[in-house]
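Data from entry30.cif: mmCIF, C-alpha atoms and all ligand atoms
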data_protein
#
loop_
_atom_site.label_atom_id
_atom_site.label_comp_id
_atom_site.auth_asym_id
_atom_site.auth_seq_id
_atom_site.Cartn_x
_atom_site.Cartn_y
_atom_site.Cartn_z
CA MET A 1 40.54 19.97 -3.58
CA MET A 2 36.94 21.22 -3.52
CA LYS A 3 34.97 20.75 -0.34
CA MET A 4 32.45 17.90 -0.69
CA GLU A 5 28.84 19.09 -0.65
CA LYS A 6 26.53 17.04 1.54
CA TRP A 7 22.91 16.49 0.54
CA LEU A 8 20.15 14.67 2.35
CA LEU A 9 17.30 13.08 0.41
CA ILE A 10 14.14 11.82 2.12
CA GLY A 11 12.33 8.75 0.80
CA SER A 12 12.99 5.16 -0.24
CA GLY A 13 11.38 4.30 -3.58
CA GLY A 14 12.22 4.36 -7.27
CA ARG A 15 11.71 8.12 -7.45
CA GLU A 16 14.30 8.64 -4.71
CA TYR A 17 16.68 6.11 -6.32
CA ALA A 18 16.58 8.20 -9.52
CA MET A 19 16.96 11.46 -7.57
CA ALA A 20 19.93 10.09 -5.62
CA GLN A 21 21.54 8.91 -8.84
CA SER A 22 21.03 12.31 -10.43
CA LEU A 23 22.37 14.28 -7.43
CA ALA A 24 25.37 11.95 -7.05
CA LYS A 25 26.55 12.47 -10.63
CA ASN A 26 28.45 15.44 -9.24
CA VAL A 27 31.75 13.99 -7.97
CA ASN A 28 31.97 16.74 -5.36
CA ARG A 29 28.78 15.70 -3.64
CA GLU A 30 27.86 13.05 -1.09
CA VAL A 31 24.19 12.04 -0.94
CA PHE A 32 22.56 10.56 2.17
CA VAL A 33 19.14 8.96 1.75
CA ALA A 34 16.79 8.41 4.69
CA PRO A 35 15.65 5.71 4.91
CA GLY A 36 16.47 4.78 1.27
CA ASN A 37 16.69 1.17 0.13
CA PRO A 38 19.72 -1.15 0.18
CA MET A 39 20.39 -0.93 -3.59
CA MET A 40 21.02 2.81 -3.31
CA ASN A 41 24.28 2.06 -1.49
CA VAL A 42 25.62 0.58 -4.72
CA ILE A 43 25.48 4.04 -6.38
CA ASP A 44 28.81 5.90 -6.03
CA ARG A 45 28.73 8.62 -3.37
CA VAL A 46 25.30 7.52 -2.08
CA GLN A 47 24.75 6.18 1.43
CA THR A 48 21.48 5.24 3.13
CA LEU A 49 20.59 6.11 6.73
CA ASP A 50 18.51 4.12 9.16
CA ILE A 51 16.10 6.99 9.89
CA GLU A 52 12.40 6.91 9.01
CA GLU A 53 11.01 9.62 6.73
CA LEU A 54 8.60 10.90 9.42
CA ASP A 55 11.14 10.96 12.24
CA PHE A 56 11.71 14.71 11.88
CA ASP A 57 13.62 15.16 15.16
CA VAL A 58 16.24 12.58 14.25
CA LEU A 59 16.48 13.80 10.64
CA ILE A 60 17.10 17.36 11.84
CA GLU A 61 19.67 16.19 14.37
CA PHE A 62 21.49 14.27 11.64
CA ALA A 63 21.42 17.25 9.26
CA LEU A 64 22.78 19.63 11.92
CA ASP A 65 25.44 17.23 13.24
CA ASN A 66 26.70 16.44 9.75
CA GLN A 67 26.53 19.95 8.28
CA ILE A 68 24.14 18.95 5.51
CA ASP A 69 24.08 21.69 2.83
CA TRP A 70 20.70 20.92 1.29
CA THR A 71 17.80 18.55 1.89
CA VAL A 72 15.35 17.40 -0.81
CA ILE A 73 12.07 15.68 0.00
CA GLY A 74 10.80 12.85 -2.24
CA PRO A 75 7.35 11.73 -0.97
CA GLU A 76 4.18 13.63 -0.03
CA LYS A 77 3.63 12.46 3.54
CA PRO A 78 6.58 14.27 5.20
CA LEU A 79 5.67 17.39 3.17
CA SER A 80 2.03 17.44 4.25
CA ASP A 81 3.18 16.77 7.84
CA GLY A 82 5.36 19.91 7.74
CA ILE A 83 8.93 18.62 7.37
CA VAL A 84 9.93 21.75 5.46
CA ASP A 85 8.64 24.06 8.21
CA ARG A 86 10.60 22.04 10.78
CA PHE A 87 13.86 22.05 8.77
CA THR A 88 13.55 25.77 7.99
CA ASN A 89 12.96 26.60 11.66
CA ALA A 90 16.12 24.65 12.50
CA GLY A 91 18.08 26.88 10.08
CA LEU A 92 18.48 24.15 7.46
CA LYS A 93 18.19 24.66 3.70
CA VAL A 94 15.54 22.49 2.14
CA PHE A 95 13.87 22.14 -1.28
CA GLY A 96 10.16 21.39 -0.92
CA PRO A 97 6.87 23.12 -0.09
CA ASN A 98 5.93 24.01 3.49
CA LYS A 99 2.85 22.51 5.10
CA GLU A 100 0.52 25.28 3.96
CA ALA A 101 1.70 25.09 0.33
CA ALA A 102 1.57 21.28 0.40
CA GLN A 103 -2.21 21.51 0.73
CA LEU A 104 -2.31 21.67 -3.07
CA GLU A 105 -1.87 17.89 -2.77
CA SER A 106 -3.07 17.05 0.75
CA SER A 107 -6.45 18.75 0.40
CA LYS A 108 -8.33 18.27 -2.85
CA GLU A 109 -10.79 20.90 -1.67
CA PHE A 110 -8.01 23.48 -1.17
CA ALA A 111 -6.63 22.70 -4.63
CA LYS A 112 -10.04 23.10 -6.24
CA GLU A 113 -10.62 26.37 -4.44
CA VAL A 114 -7.23 27.78 -5.57
CA MET A 115 -7.96 26.68 -9.14
CA LYS A 116 -11.36 28.34 -9.02
CA SER A 117 -9.91 31.69 -7.85
CA ALA A 118 -7.12 31.42 -10.43
CA GLY A 119 -9.45 30.52 -13.30
CA VAL A 120 -7.61 27.24 -13.96
CA PRO A 121 -9.57 24.68 -16.02
CA THR A 122 -10.53 21.58 -14.01
CA ALA A 123 -13.51 19.26 -13.60
CA ALA A 124 -16.65 20.81 -12.09
CA TYR A 125 -17.25 19.43 -8.61
CA ALA A 126 -19.31 19.49 -5.43
CA THR A 127 -18.30 18.41 -1.91
CA PHE A 128 -20.23 16.26 0.57
CA SER A 129 -19.75 14.65 3.94
CA ASN A 130 -22.69 12.29 4.28
CA TYR A 131 -24.35 9.49 2.36
CA ASP A 132 -27.85 10.92 1.96
CA GLU A 133 -26.84 14.26 0.50
CA SER A 134 -24.38 12.73 -1.94
CA ILE A 135 -27.01 10.28 -3.21
CA LYS A 136 -29.62 13.03 -3.47
CA TYR A 137 -27.19 15.02 -5.63
CA LEU A 138 -26.36 12.02 -7.82
CA GLU A 139 -30.03 11.19 -8.42
CA GLU A 140 -30.21 14.42 -10.43
CA HIS A 141 -26.87 14.10 -12.13
CA ASP A 142 -25.56 12.52 -15.35
CA PHE A 143 -23.07 9.65 -15.28
CA PRO A 144 -20.20 8.81 -15.34
CA VAL A 145 -18.98 10.81 -12.36
CA VAL A 146 -15.82 10.58 -10.30
CA VAL A 147 -15.93 10.24 -6.50
CA LYS A 148 -12.78 11.24 -4.59
CA LEU A 149 -11.94 10.96 -0.91
CA ASN A 150 -10.50 14.23 0.40
CA GLY A 151 -6.94 13.98 1.76
CA LEU A 152 -3.94 11.84 0.81
CA ALA A 153 -5.09 8.45 -0.44
CA ALA A 154 -2.04 7.17 -2.37
CA GLY A 155 -4.04 6.81 -5.60
CA LYS A 156 -6.61 4.55 -3.92
CA GLY A 157 -9.25 7.17 -3.13
CA VAL A 158 -10.70 7.67 -6.60
CA PHE A 159 -13.77 5.86 -7.97
CA ILE A 160 -15.13 6.24 -11.48
CA ILE A 161 -18.84 5.52 -11.31
CA LYS A 162 -21.03 4.59 -14.26
CA ASP A 163 -24.56 4.62 -12.81
CA LEU A 164 -26.68 5.22 -9.71
CA ALA A 165 -26.54 1.58 -8.59
CA GLU A 166 -22.76 1.63 -8.58
CA ALA A 167 -22.83 5.01 -6.82
CA LYS A 168 -24.98 3.58 -4.00
CA GLU A 169 -22.69 0.61 -3.57
CA THR A 170 -19.49 2.69 -3.52
CA LEU A 171 -20.86 5.41 -1.26
CA SER A 172 -22.26 2.86 1.23
CA SER A 173 -18.88 1.26 1.58
CA ILE A 174 -17.19 4.67 1.95
CA TYR A 175 -19.65 5.81 4.64
CA ASP A 176 -19.69 2.43 6.41
CA ASN A 177 -15.99 2.94 6.84
CA ASN A 178 -16.21 6.55 8.06
CA VAL A 179 -19.58 8.28 8.58
CA HIS A 180 -18.04 11.76 8.25
CA GLN A 181 -15.81 11.13 5.23
CA GLU A 182 -15.39 14.25 3.08
CA ILE A 183 -15.78 13.48 -0.59
CA LEU A 184 -15.72 15.36 -3.88
CA ILE A 185 -18.03 14.39 -6.70
CA GLU A 186 -16.50 15.47 -9.97
CA GLU A 187 -17.37 15.71 -13.62
CA TYR A 188 -15.74 12.90 -15.62
CA LEU A 189 -13.11 14.23 -18.05
CA GLU A 190 -12.18 12.46 -21.27
CA GLY A 191 -8.81 12.62 -23.00
CA GLN A 192 -5.18 11.58 -22.75
CA GLU A 193 -3.63 12.08 -19.30
CA PHE A 194 -0.06 13.27 -18.82
CA SER A 195 2.20 14.67 -16.12
CA MET A 196 3.75 18.12 -16.16
CA ILE A 197 6.35 18.67 -13.46
CA VAL A 198 8.11 21.97 -12.79
CA MET A 199 10.61 23.21 -10.23
CA VAL A 200 9.45 26.30 -8.37
CA ASN A 201 10.67 29.07 -6.13
CA GLY A 202 7.76 31.45 -5.60
CA LEU A 203 7.08 32.76 -9.11
CA ASP A 204 10.30 31.39 -10.69
CA ILE A 205 9.67 28.24 -12.73
CA ILE A 206 11.87 25.66 -14.43
CA THR A 207 10.03 23.26 -16.72
CA MET A 208 10.84 19.60 -17.21
CA PRO A 209 9.95 17.38 -20.18
CA LEU A 210 6.38 16.03 -20.12
CA ALA A 211 5.89 12.39 -19.12
CA GLN A 212 3.07 9.87 -19.10
CA ASP A 213 2.37 7.43 -16.29
CA HIS A 214 0.27 4.23 -16.57
CA LYS A 215 -1.71 3.98 -13.33
CA ARG A 216 -3.85 0.89 -13.81
CA ILE A 217 -2.40 -2.54 -13.10
CA TYR A 218 -3.28 -4.19 -16.45
CA ASP A 219 -2.61 -3.44 -20.11
CA GLY A 220 -5.19 -1.23 -21.81
CA ASP A 221 -5.70 0.77 -18.57
CA LYS A 222 -7.75 -2.02 -17.01
CA GLY A 223 -7.98 -3.08 -13.37
CA PRO A 224 -7.39 -1.15 -10.16
CA ASN A 225 -5.25 1.97 -9.74
CA THR A 226 -1.65 1.53 -8.58
CA GLY A 227 1.16 3.92 -7.71
CA GLY A 228 2.15 3.74 -11.41
CA MET A 229 3.24 0.82 -13.61
CA GLY A 230 5.48 2.52 -16.17
CA ALA A 231 6.27 5.80 -17.87
CA TYR A 232 7.95 7.40 -20.83
CA SER A 233 9.20 10.86 -21.72
CA PRO A 234 9.21 13.10 -23.69
CA LEU A 235 5.78 12.68 -25.34
CA PRO A 236 6.01 12.68 -29.16
CA GLN A 237 2.22 13.02 -29.57
CA PHE A 238 2.29 16.43 -27.88
CA ARG A 239 4.21 19.38 -29.30
CA ASP A 240 5.76 22.20 -27.27
CA ASN A 241 2.43 24.02 -27.43
CA VAL A 242 0.92 21.53 -24.93
CA LEU A 243 3.70 22.25 -22.44
CA ASN A 244 3.18 25.93 -23.06
CA GLU A 245 -0.57 25.64 -22.56
CA GLY A 246 0.07 23.89 -19.23
CA LEU A 247 2.40 26.68 -18.20
CA VAL A 248 0.13 29.53 -19.22
CA LYS A 249 -3.24 28.09 -18.19
CA VAL A 250 -2.27 26.05 -15.13
CA ILE A 251 1.16 26.47 -13.55
CA ARG A 252 1.53 30.27 -13.72
CA PRO A 253 -2.01 31.16 -12.60
CA VAL A 254 -1.83 28.71 -9.67
CA LEU A 255 1.52 30.09 -8.51
CA ASP A 256 0.25 33.67 -8.92
CA GLU A 257 -2.78 32.77 -6.79
CA MET A 258 -0.62 31.14 -4.08
CA HIS A 259 1.57 34.27 -4.11
CA LYS A 260 -1.49 36.53 -3.75
CA ARG A 261 -2.55 34.49 -0.71
CA GLY A 262 0.91 34.99 0.81
CA ILE A 263 1.77 31.30 0.51
CA LEU A 264 5.33 30.72 -0.70
CA PHE A 265 5.56 27.64 -2.92
CA GLN A 266 9.03 26.12 -3.22
CA GLY A 267 9.84 22.67 -4.56
CA PHE A 268 8.51 20.40 -7.27
CA LEU A 269 4.99 21.02 -8.51
CA TYR A 270 3.37 18.20 -10.44
CA ALA A 271 0.21 18.89 -12.45
CA GLY A 272 -1.71 15.78 -13.47
CA LEU A 273 -3.28 17.07 -16.68
CA ILE A 274 -5.67 15.74 -19.26
CA LEU A 275 -5.92 16.98 -22.84
CA THR A 276 -9.67 17.21 -23.47
CA LYS A 277 -11.41 18.46 -26.61
CA ASP A 278 -11.62 21.83 -24.85
CA GLY A 279 -7.89 21.92 -24.10
CA VAL A 280 -5.77 21.09 -21.07
CA LYS A 281 -7.53 20.55 -17.71
CA VAL A 282 -6.25 19.63 -14.26
CA ILE A 283 -6.97 16.22 -12.70
CA GLU A 284 -4.87 16.79 -9.58
CA PHE A 285 -1.79 18.48 -8.15
CA ASN A 286 1.07 16.81 -6.37
CA VAL A 287 3.73 18.79 -4.53
CA ARG A 288 6.59 16.44 -5.33
CA MET A 289 7.98 14.60 -8.32
CA GLY A 290 6.02 11.64 -9.72
CA ASP A 291 6.92 7.99 -9.32
CA PRO A 292 7.59 6.48 -11.94
CA GLU A 293 7.82 9.72 -13.99
CA THR A 294 11.01 10.89 -12.23
CA GLN A 295 12.86 7.78 -13.39
CA VAL A 296 12.38 8.74 -17.06
CA ILE A 297 12.64 12.53 -16.64
CA LEU A 298 15.79 13.10 -14.59
CA PRO A 299 18.16 11.14 -16.88
CA GLN A 300 17.32 13.75 -19.54
CA LEU A 301 18.78 16.65 -17.58
CA GLN A 302 21.90 18.10 -19.18
CA GLY A 303 23.63 19.45 -16.12
CA ASP A 304 23.61 19.03 -12.38
CA LEU A 305 20.30 18.71 -10.52
CA GLY A 306 21.83 20.08 -7.30
CA ASP A 307 23.20 23.10 -9.11
CA VAL A 308 19.78 23.77 -10.69
CA ILE A 309 18.11 23.63 -7.27
CA VAL A 310 20.65 25.94 -5.61
CA LYS A 311 20.49 28.53 -8.42
CA LEU A 312 16.68 28.43 -8.42
CA MET A 313 16.54 28.88 -4.64
CA ASN A 314 18.97 31.82 -4.93
CA HIS A 315 16.93 33.39 -7.77
CA GLN A 316 20.00 33.20 -10.04
CA GLU A 317 19.55 33.28 -13.83
CA GLN A 318 20.17 29.92 -15.47
CA ASN A 319 19.49 27.96 -18.64
CA VAL A 320 18.40 24.42 -17.90
CA ASP A 321 18.74 22.05 -20.86
CA TRP A 322 17.08 18.69 -21.40
CA GLN A 323 18.00 16.22 -24.13
CA THR A 324 15.54 16.18 -27.02
CA ASP A 325 16.60 13.42 -29.43
CA ARG A 326 15.81 10.24 -27.48
CA TYR A 327 12.88 8.72 -25.59
CA PHE A 328 13.24 7.27 -22.11
CA LEU A 329 10.81 4.44 -21.33
CA GLY A 330 10.49 2.10 -18.37
CA ASN A 331 8.27 -0.70 -17.06
CA VAL A 332 7.67 -1.35 -13.38
CA LEU A 333 7.91 -4.91 -12.06
CA ALA A 334 5.37 -5.38 -9.29
CA ALA A 335 5.00 -8.28 -6.86
CA LYS A 336 2.22 -10.51 -8.21
CA GLY A 337 -1.12 -9.55 -6.58
CA TYR A 338 -0.23 -5.84 -6.18
CA PRO A 339 -2.07 -3.50 -5.55
CA GLY A 340 -3.85 -6.18 -3.47
CA ASN A 341 -2.20 -8.86 -1.35
CA HIS A 342 1.25 -9.91 -2.44
CA LYS A 343 4.30 -11.71 -1.10
CA ASN A 344 7.58 -10.25 0.06
CA GLY A 345 10.95 -11.95 -0.20
CA LEU A 346 10.81 -12.71 -3.94
CA THR A 347 14.06 -13.35 -5.79
CA LEU A 348 15.05 -10.27 -7.81
CA PRO A 349 15.37 -10.73 -11.58
CA GLN A 350 18.77 -9.90 -13.07
CA PHE A 351 19.38 -7.90 -16.25
CA SER A 352 22.73 -7.82 -17.99
CA ASP A 353 22.07 -5.82 -21.20
CA ASP A 354 24.03 -2.57 -20.89
CA LYS A 355 21.30 -0.73 -22.84
CA LEU A 356 19.10 -1.16 -19.77
CA ALA A 357 19.09 0.79 -16.53
CA VAL A 358 17.44 -0.75 -13.47
CA VAL A 359 15.98 1.46 -10.77
CA TYR A 360 15.28 -0.25 -7.44
CA ALA A 361 12.34 0.55 -5.18
CA GLY A 362 10.89 -2.26 -3.01
CA VAL A 363 13.96 -4.24 -1.97
CA GLU A 364 15.41 -5.37 1.34
CA GLU A 365 18.25 -7.47 2.64
CA GLN A 366 17.32 -10.88 4.04
CA ASP A 367 20.05 -13.31 5.17
CA GLU A 368 22.62 -11.30 3.18
CA GLN A 369 20.46 -11.64 0.05
CA LEU A 370 18.57 -8.84 -1.65
CA VAL A 371 14.91 -9.75 -2.11
CA SER A 372 11.64 -7.96 -2.86
CA TYR A 373 9.82 -6.01 -0.19
CA GLY A 374 6.57 -4.22 -1.04
CA GLY A 375 4.43 -3.79 -4.15
CA ARG A 376 6.47 -1.99 -6.77
CA ILE A 377 9.88 -3.63 -6.75
CA MET A 378 11.95 -2.23 -9.60
CA MET A 379 11.78 -0.50 -12.94
CA VAL A 380 13.54 -1.50 -16.15
CA ILE A 381 14.40 1.48 -18.34
CA THR A 382 16.02 2.14 -21.67
CA SER A 383 16.41 5.06 -24.05
CA ASN A 384 16.26 5.08 -27.81
CA LYS A 385 15.76 7.54 -30.67
CA ASP A 386 12.75 5.38 -31.62
CA LEU A 387 10.08 5.03 -28.92
CA LYS A 388 8.73 1.75 -30.36
CA LYS A 389 12.22 0.25 -30.23
CA ALA A 390 12.57 1.34 -26.61
CA GLN A 391 9.27 -0.37 -25.76
CA LYS A 392 10.29 -3.58 -27.57
CA LEU A 393 13.69 -3.72 -25.92
CA VAL A 394 12.28 -3.36 -22.41
CA ASN A 395 9.43 -5.83 -23.04
CA GLN A 396 11.80 -8.43 -24.49
CA ALA A 397 14.28 -8.10 -21.63
CA ILE A 398 11.46 -8.57 -19.13
CA ALA A 399 9.98 -11.54 -21.03
CA ASP A 400 13.46 -13.16 -21.04
CA ASN A 401 14.37 -12.55 -17.40
CA VAL A 402 11.28 -12.27 -15.22
CA ASN A 403 9.40 -15.09 -13.53
CA THR A 404 5.70 -14.39 -14.14
CA ASN A 405 4.69 -16.49 -11.11
CA ASP A 406 6.32 -13.84 -8.93
CA TYR A 407 5.94 -10.58 -10.82
CA SER A 408 3.38 -8.71 -12.89
CA TYR A 409 4.01 -5.91 -15.34
CA ARG A 410 2.46 -4.14 -18.32
CA THR A 411 3.61 -4.48 -21.92
CA ASP A 412 1.86 -1.43 -23.42
CA ILE A 413 3.88 1.41 -21.89
CA GLY A 414 4.11 4.08 -24.58
CA ASP A 415 1.21 2.85 -26.73
CA LYS A 416 -0.73 6.11 -26.41
CA ALA A 417 2.04 7.83 -28.36
CA PHE A 418 1.33 5.62 -31.37
CA ARG A 419 -2.42 6.25 -31.63
P1 LIG A 501 -6.10 11.09 -8.81
O1 LIG A 501 -5.82 10.30 -7.55
O2 LIG A 501 -6.88 12.33 -8.60
O3 LIG A 501 -4.86 11.25 -9.63
O4 LIG A 501 -6.99 10.13 -9.71
C1 LIG A 501 -6.52 8.87 -10.13
C2 LIG A 501 -6.97 8.60 -11.54
O5 LIG A 501 -8.39 8.66 -11.65
C3 LIG A 501 -6.46 9.65 -12.52
O6 LIG A 501 -5.18 9.40 -12.96
C4 LIG A 501 -7.50 9.51 -13.63
O7 LIG A 501 -7.19 8.43 -14.46
C5 LIG A 501 -8.75 9.21 -12.90
N1 LIG A 501 -9.51 10.47 -12.69
C6 LIG A 501 -9.47 11.28 -11.62
N2 LIG A 501 -10.30 12.34 -11.77
C7 LIG A 501 -10.87 12.21 -12.98
C8 LIG A 501 -11.85 12.97 -13.72
N3 LIG A 501 -12.39 14.09 -13.23
N4 LIG A 501 -12.22 12.52 -14.94
C9 LIG A 501 -11.68 11.38 -15.43
N5 LIG A 501 -10.79 10.61 -14.79
C10 LIG A 501 -10.39 11.00 -13.58
N1 LIG A 502 2.89 8.76 -10.85
C1 LIG A 502 1.85 9.30 -10.10
C2 LIG A 502 2.29 9.92 -8.85
O1 LIG A 502 3.46 9.95 -8.52
O2 LIG A 502 1.43 10.41 -8.12
#
Here is the file; what I need is its structure written in the form of structure tokens.
Amino acid sequence: MMKMEKWLLIGSGGREYAMAQSLAKNVNREVFVAPGNPMMNVIDRVQTLDIEELDFDVLIEFALDNQIDWTVIGPEKPLSDGIVDRFTNAGLKVFGPNKEAAQLESSKEFAKEVMKSAGVPTAAYATFSNYDESIKYLEEHDFPVVVKLNGLAAGKGVFIIKDLAEAKETLSSIYDNNVHQEILIEEYLEGQEFSMIVMVNGLDIITMPLAQDHKRIYDGDKGPNTGGMGAYSPLPQFRDNVLNEGLVKVIRPVLDEMHKRGILFQGFLYAGLILTKDGVKVIEFNVRMGDPETQVILPQLQGDLGDVIVKLMNHQEQNVDWQTDRYFLGNVLAAKGYPGNHKNGLTLPQFSDDKLAVVYAGVEEQDEQLVSYGGRIMMVITSNKDLKKAQKLVNQAIADNVNTNDYSYRTDIGDKAFR
């Protein structure tokens, strides 16, 4: 009998549900998720823990007491707060970037500066920290422009601004809120956005299939930004040369630059890219997997995610294969009103078609019943050789089973592939 491996996963959303599912495919592995969500306990060999993701002392104590072999971090906040530094100092093995490396996501200014040194294509920008100077700059600038708050903003710190009047309004409200707010004013880029996620140990890279998120709440990319309302992968409109361009022009130069600065990057690196008429450019970096991209990427892995991580961290040679003959597509069901005010405690829709996979994110137990808790509640996913059929199947299942008084969702996930 082989000894059971023990893995700890930090986080609680749909991304972590998909990661737990992927890690627990190996029958010789137990996966603990802190804090997780109640539906994760239904997955074989997965167990949630009542420990918050920022409670580093208790997480470390648990990992030491239970001889955890490896820890993987899902969300950005523990990473930018230095969870990896803390685990490493405690002698624990962990897959994720340390605090310094995590600045690629936590500081937009740091990311821009690294890109500049590395010659990586991205939007031109300038930084400001007061109202008057930013307006003075914009008075002599063409529109549209993009205004971004520096620091983690969970997708809510980005404003696309069409004229000076709108700029004045937005900047007043930003500076009313915080007189010293650091902002970036960026050139507006036009093109199709997509996500390129790789696994990294220093200069060693493993690529994953490209995916496309849908960040706005309404169909046609209308309405406010959300955490992400649906995704599909791979992307039939882009050939391998787009992935290769991302690798050569973005991922490798950034990792070379980090290496030159003596900053070791380990973990997932997510490049939010846009294909402009001048080629691929960077919108942002994240130092973790994407949510909802993970939910349509990981099911494509042919092999064991844990094994891939361990070999990568040991610099062992490996071939990592991903399926190539089907498309994975999923829609997020959000509590009505999200990303604004919304209710908790909604009844969860049920799906019985075995062509569908349901990934749970915002759920909690209330009086021995599972109900919604939070904005993005669950994701309904299928795979098909035909992307259009995948989209139709998911949309139909949602139309048949979801109460639109309680939930909102998009119906155009995947449409950009058909243009
Ligand atoms: P971010 O939080 O940086 O990912 O930005 C959120 C969204 O704003 C992106 O997914 C884009 O749709 C949009 N965005 C950000 N920066 C730019 C830019 N320079 N040009 C055009 N759109 C942008
Ligand atoms: N799907 C966008 C993100 O995870 O940041």
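Excluding Gly230 in chain A itself and any same-chain residue fewer than 6 positions from it, the protein and nucleic acid residues within 8 Å of it, counting only C-alpha atoms, are Asp213, His214, Lys215, Pro292, Glu293, Leu329, Gly330, Asn331, Val332, Met379, Arg410 and Ile413 of chain A.
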Let me see the file: selected residues, C-alpha atoms, as a compact mmCIF listing (two decimals), keeping the file's coordinate frame.
# COMPACT_ATOMS: atom_id res chain seq x y z
CA ASP A 213 2.37 7.43 -16.29
CA HIS A 214 0.27 4.23 -16.57
CA LYS A 215 -1.71 3.98 -13.33
CA PRO A 292 7.59 6.48 -11.94
CA GLU A 293 7.82 9.72 -13.99
CA LEU A 329 10.81 4.44 -21.33
CA GLY A 330 10.49 2.10 -18.37
CA ASN A 331 8.27 -0.70 -17.06
CA VAL A 332 7.67 -1.35 -13.38
CA MET A 379 11.78 -0.50 -12.94
CA ARG A 410 2.46 -4.14 -18.32
CA ILE A 413 3.88 1.41 -21.89
Neighbour list for range 339-345 of chain A as a ChimeraX atom specification, cut-off 10 Å, all atoms listed in the file, skip fewer than 6 positions in-chain: /A:156,216-217,223-227,362-366,369-377,406-407
Please, which residues have at least one atom within 6 Å of an atom of ligand LIG 501 (chain A), using only C-alpha atoms and all ligand atoms, listed as a list in words?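 Counting only C-alpha atoms and all ligand atoms, the residues within 6 Å of ligand LIG 501 (chain A) come out as Ala123, Val146, Gly155, Val158, Glu186, Glu187, Tyr188, Leu189, Glu190, Ile283 and Glu284 of chain A.
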Using the selection just defined, write its residues with C-alpha atoms as a PDB file, in the coordinates of the input.
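Output below, filename part-v6.pdb:
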ATOM      1  CA  ALA A 123     -13.510  19.260 -13.600  1.00  0.00           C
ATOM      2  CA  VAL A 146     -15.820  10.580 -10.300  1.00  0.00           C
ATOM      3  CA  GLY A 155      -4.040   6.810  -5.600  1.00  0.00           C
ATOM      4  CA  VAL A 158     -10.700   7.670  -6.600  1.00  0.00           C
ATOM      5  CA  GLU A 186     -16.500  15.470  -9.970  1.00  0.00           C
ATOM      6  CA  GLU A 187     -17.370  15.710 -13.620  1.00  0.00           C
ATOM      7  CA  TYR A 188     -15.740  12.900 -15.620  1.00  0.00           C
ATOM      8  CA  LEU A 189     -13.110  14.230 -18.050  1.00  0.00           C
ATOM      9  CA  GLU A 190     -12.180  12.460 -21.270  1.00  0.00           C
ATOM     10  CA  ILE A 283      -6.970  16.220 -12.700  1.00  0.00           C
ATOM     11  CA  GLU A 284      -4.870  16.790  -9.580  1.00  0.00           C
TER      12      GLU A 284
END
Distance filter 12 Å around ligand LIG 502 (chain A), atoms: only C-alpha atoms and all ligand atoms, out as a CSV table (one decimal) with C-alpha atoms, keeping the file's coordinate frame:
chain,number,residue,atom,x,y,z
A,13,GLY,CA,11.4,4.3,-3.6
A,14,GLY,CA,12.2,4.4,-7.3
A,15,ARG,CA,11.7,8.1,-7.4
A,16,GLU,CA,14.3,8.6,-4.7
A,74,GLY,CA,10.8,12.8,-2.2
A,75,PRO,CA,7.4,11.7,-1.0
A,76,GLU,CA,4.2,13.6,0.0
A,105,GLU,CA,-1.9,17.9,-2.8
A,106,SER,CA,-3.1,17.0,0.8
A,152,LEU,CA,-3.9,11.8,0.8
A,153,ALA,CA,-5.1,8.4,-0.4
A,154,ALA,CA,-2.0,7.2,-2.4
A,155,GLY,CA,-4.0,6.8,-5.6
A,156,LYS,CA,-6.6,4.6,-3.9
A,193,GLU,CA,-3.6,12.1,-19.3
A,194,PHE,CA,-0.1,13.3,-18.8
A,195,SER,CA,2.2,14.7,-16.1
A,196,MET,CA,3.8,18.1,-16.2
A,197,ILE,CA,6.4,18.7,-13.5
A,211,ALA,CA,5.9,12.4,-19.1
A,212,GLN,CA,3.1,9.9,-19.1
A,213,ASP,CA,2.4,7.4,-16.3
A,214,HIS,CA,0.3,4.2,-16.6
A,215,LYS,CA,-1.7,4.0,-13.3
A,216,ARG,CA,-3.8,0.9,-13.8
A,225,ASN,CA,-5.2,2.0,-9.7
A,226,THR,CA,-1.6,1.5,-8.6
A,227,GLY,CA,1.2,3.9,-7.7
A,228,GLY,CA,2.2,3.7,-11.4
A,229,MET,CA,3.2,0.8,-13.6
A,230,GLY,CA,5.5,2.5,-16.2
A,231,ALA,CA,6.3,5.8,-17.9
A,232,TYR,CA,8.0,7.4,-20.8
A,268,PHE,CA,8.5,20.4,-7.3
A,269,LEU,CA,5.0,21.0,-8.5
A,270,TYR,CA,3.4,18.2,-10.4
A,271,ALA,CA,0.2,18.9,-12.4
A,272,GLY,CA,-1.7,15.8,-13.5
A,273,LEU,CA,-3.3,17.1,-16.7
A,283,ILE,CA,-7.0,16.2,-12.7
A,284,GLU,CA,-4.9,16.8,-9.6
A,285,PHE,CA,-1.8,18.5,-8.2
A,286,ASN,CA,1.1,16.8,-6.4
A,287,VAL,CA,3.7,18.8,-4.5
A,288,ARG,CA,6.6,16.4,-5.3
A,289,MET,CA,8.0,14.6,-8.3
A,290,GLY,CA,6.0,11.6,-9.7
A,291,ASP,CA,6.9,8.0,-9.3
A,292,PRO,CA,7.6,6.5,-11.9
A,293,GLU,CA,7.8,9.7,-14.0
A,294,THR,CA,11.0,10.9,-12.2
A,295,GLN,CA,12.9,7.8,-13.4
A,296,VAL,CA,12.4,8.7,-17.1
A,297,ILE,CA,12.6,12.5,-16.6
A,332,VAL,CA,7.7,-1.4,-13.4
Taking all atoms listed in the file into account, name the residue in A:Asp219, A:Asp321, A:Asp353, A:Asp307 that is nearest to Ser408 in chain A. A:Asp219
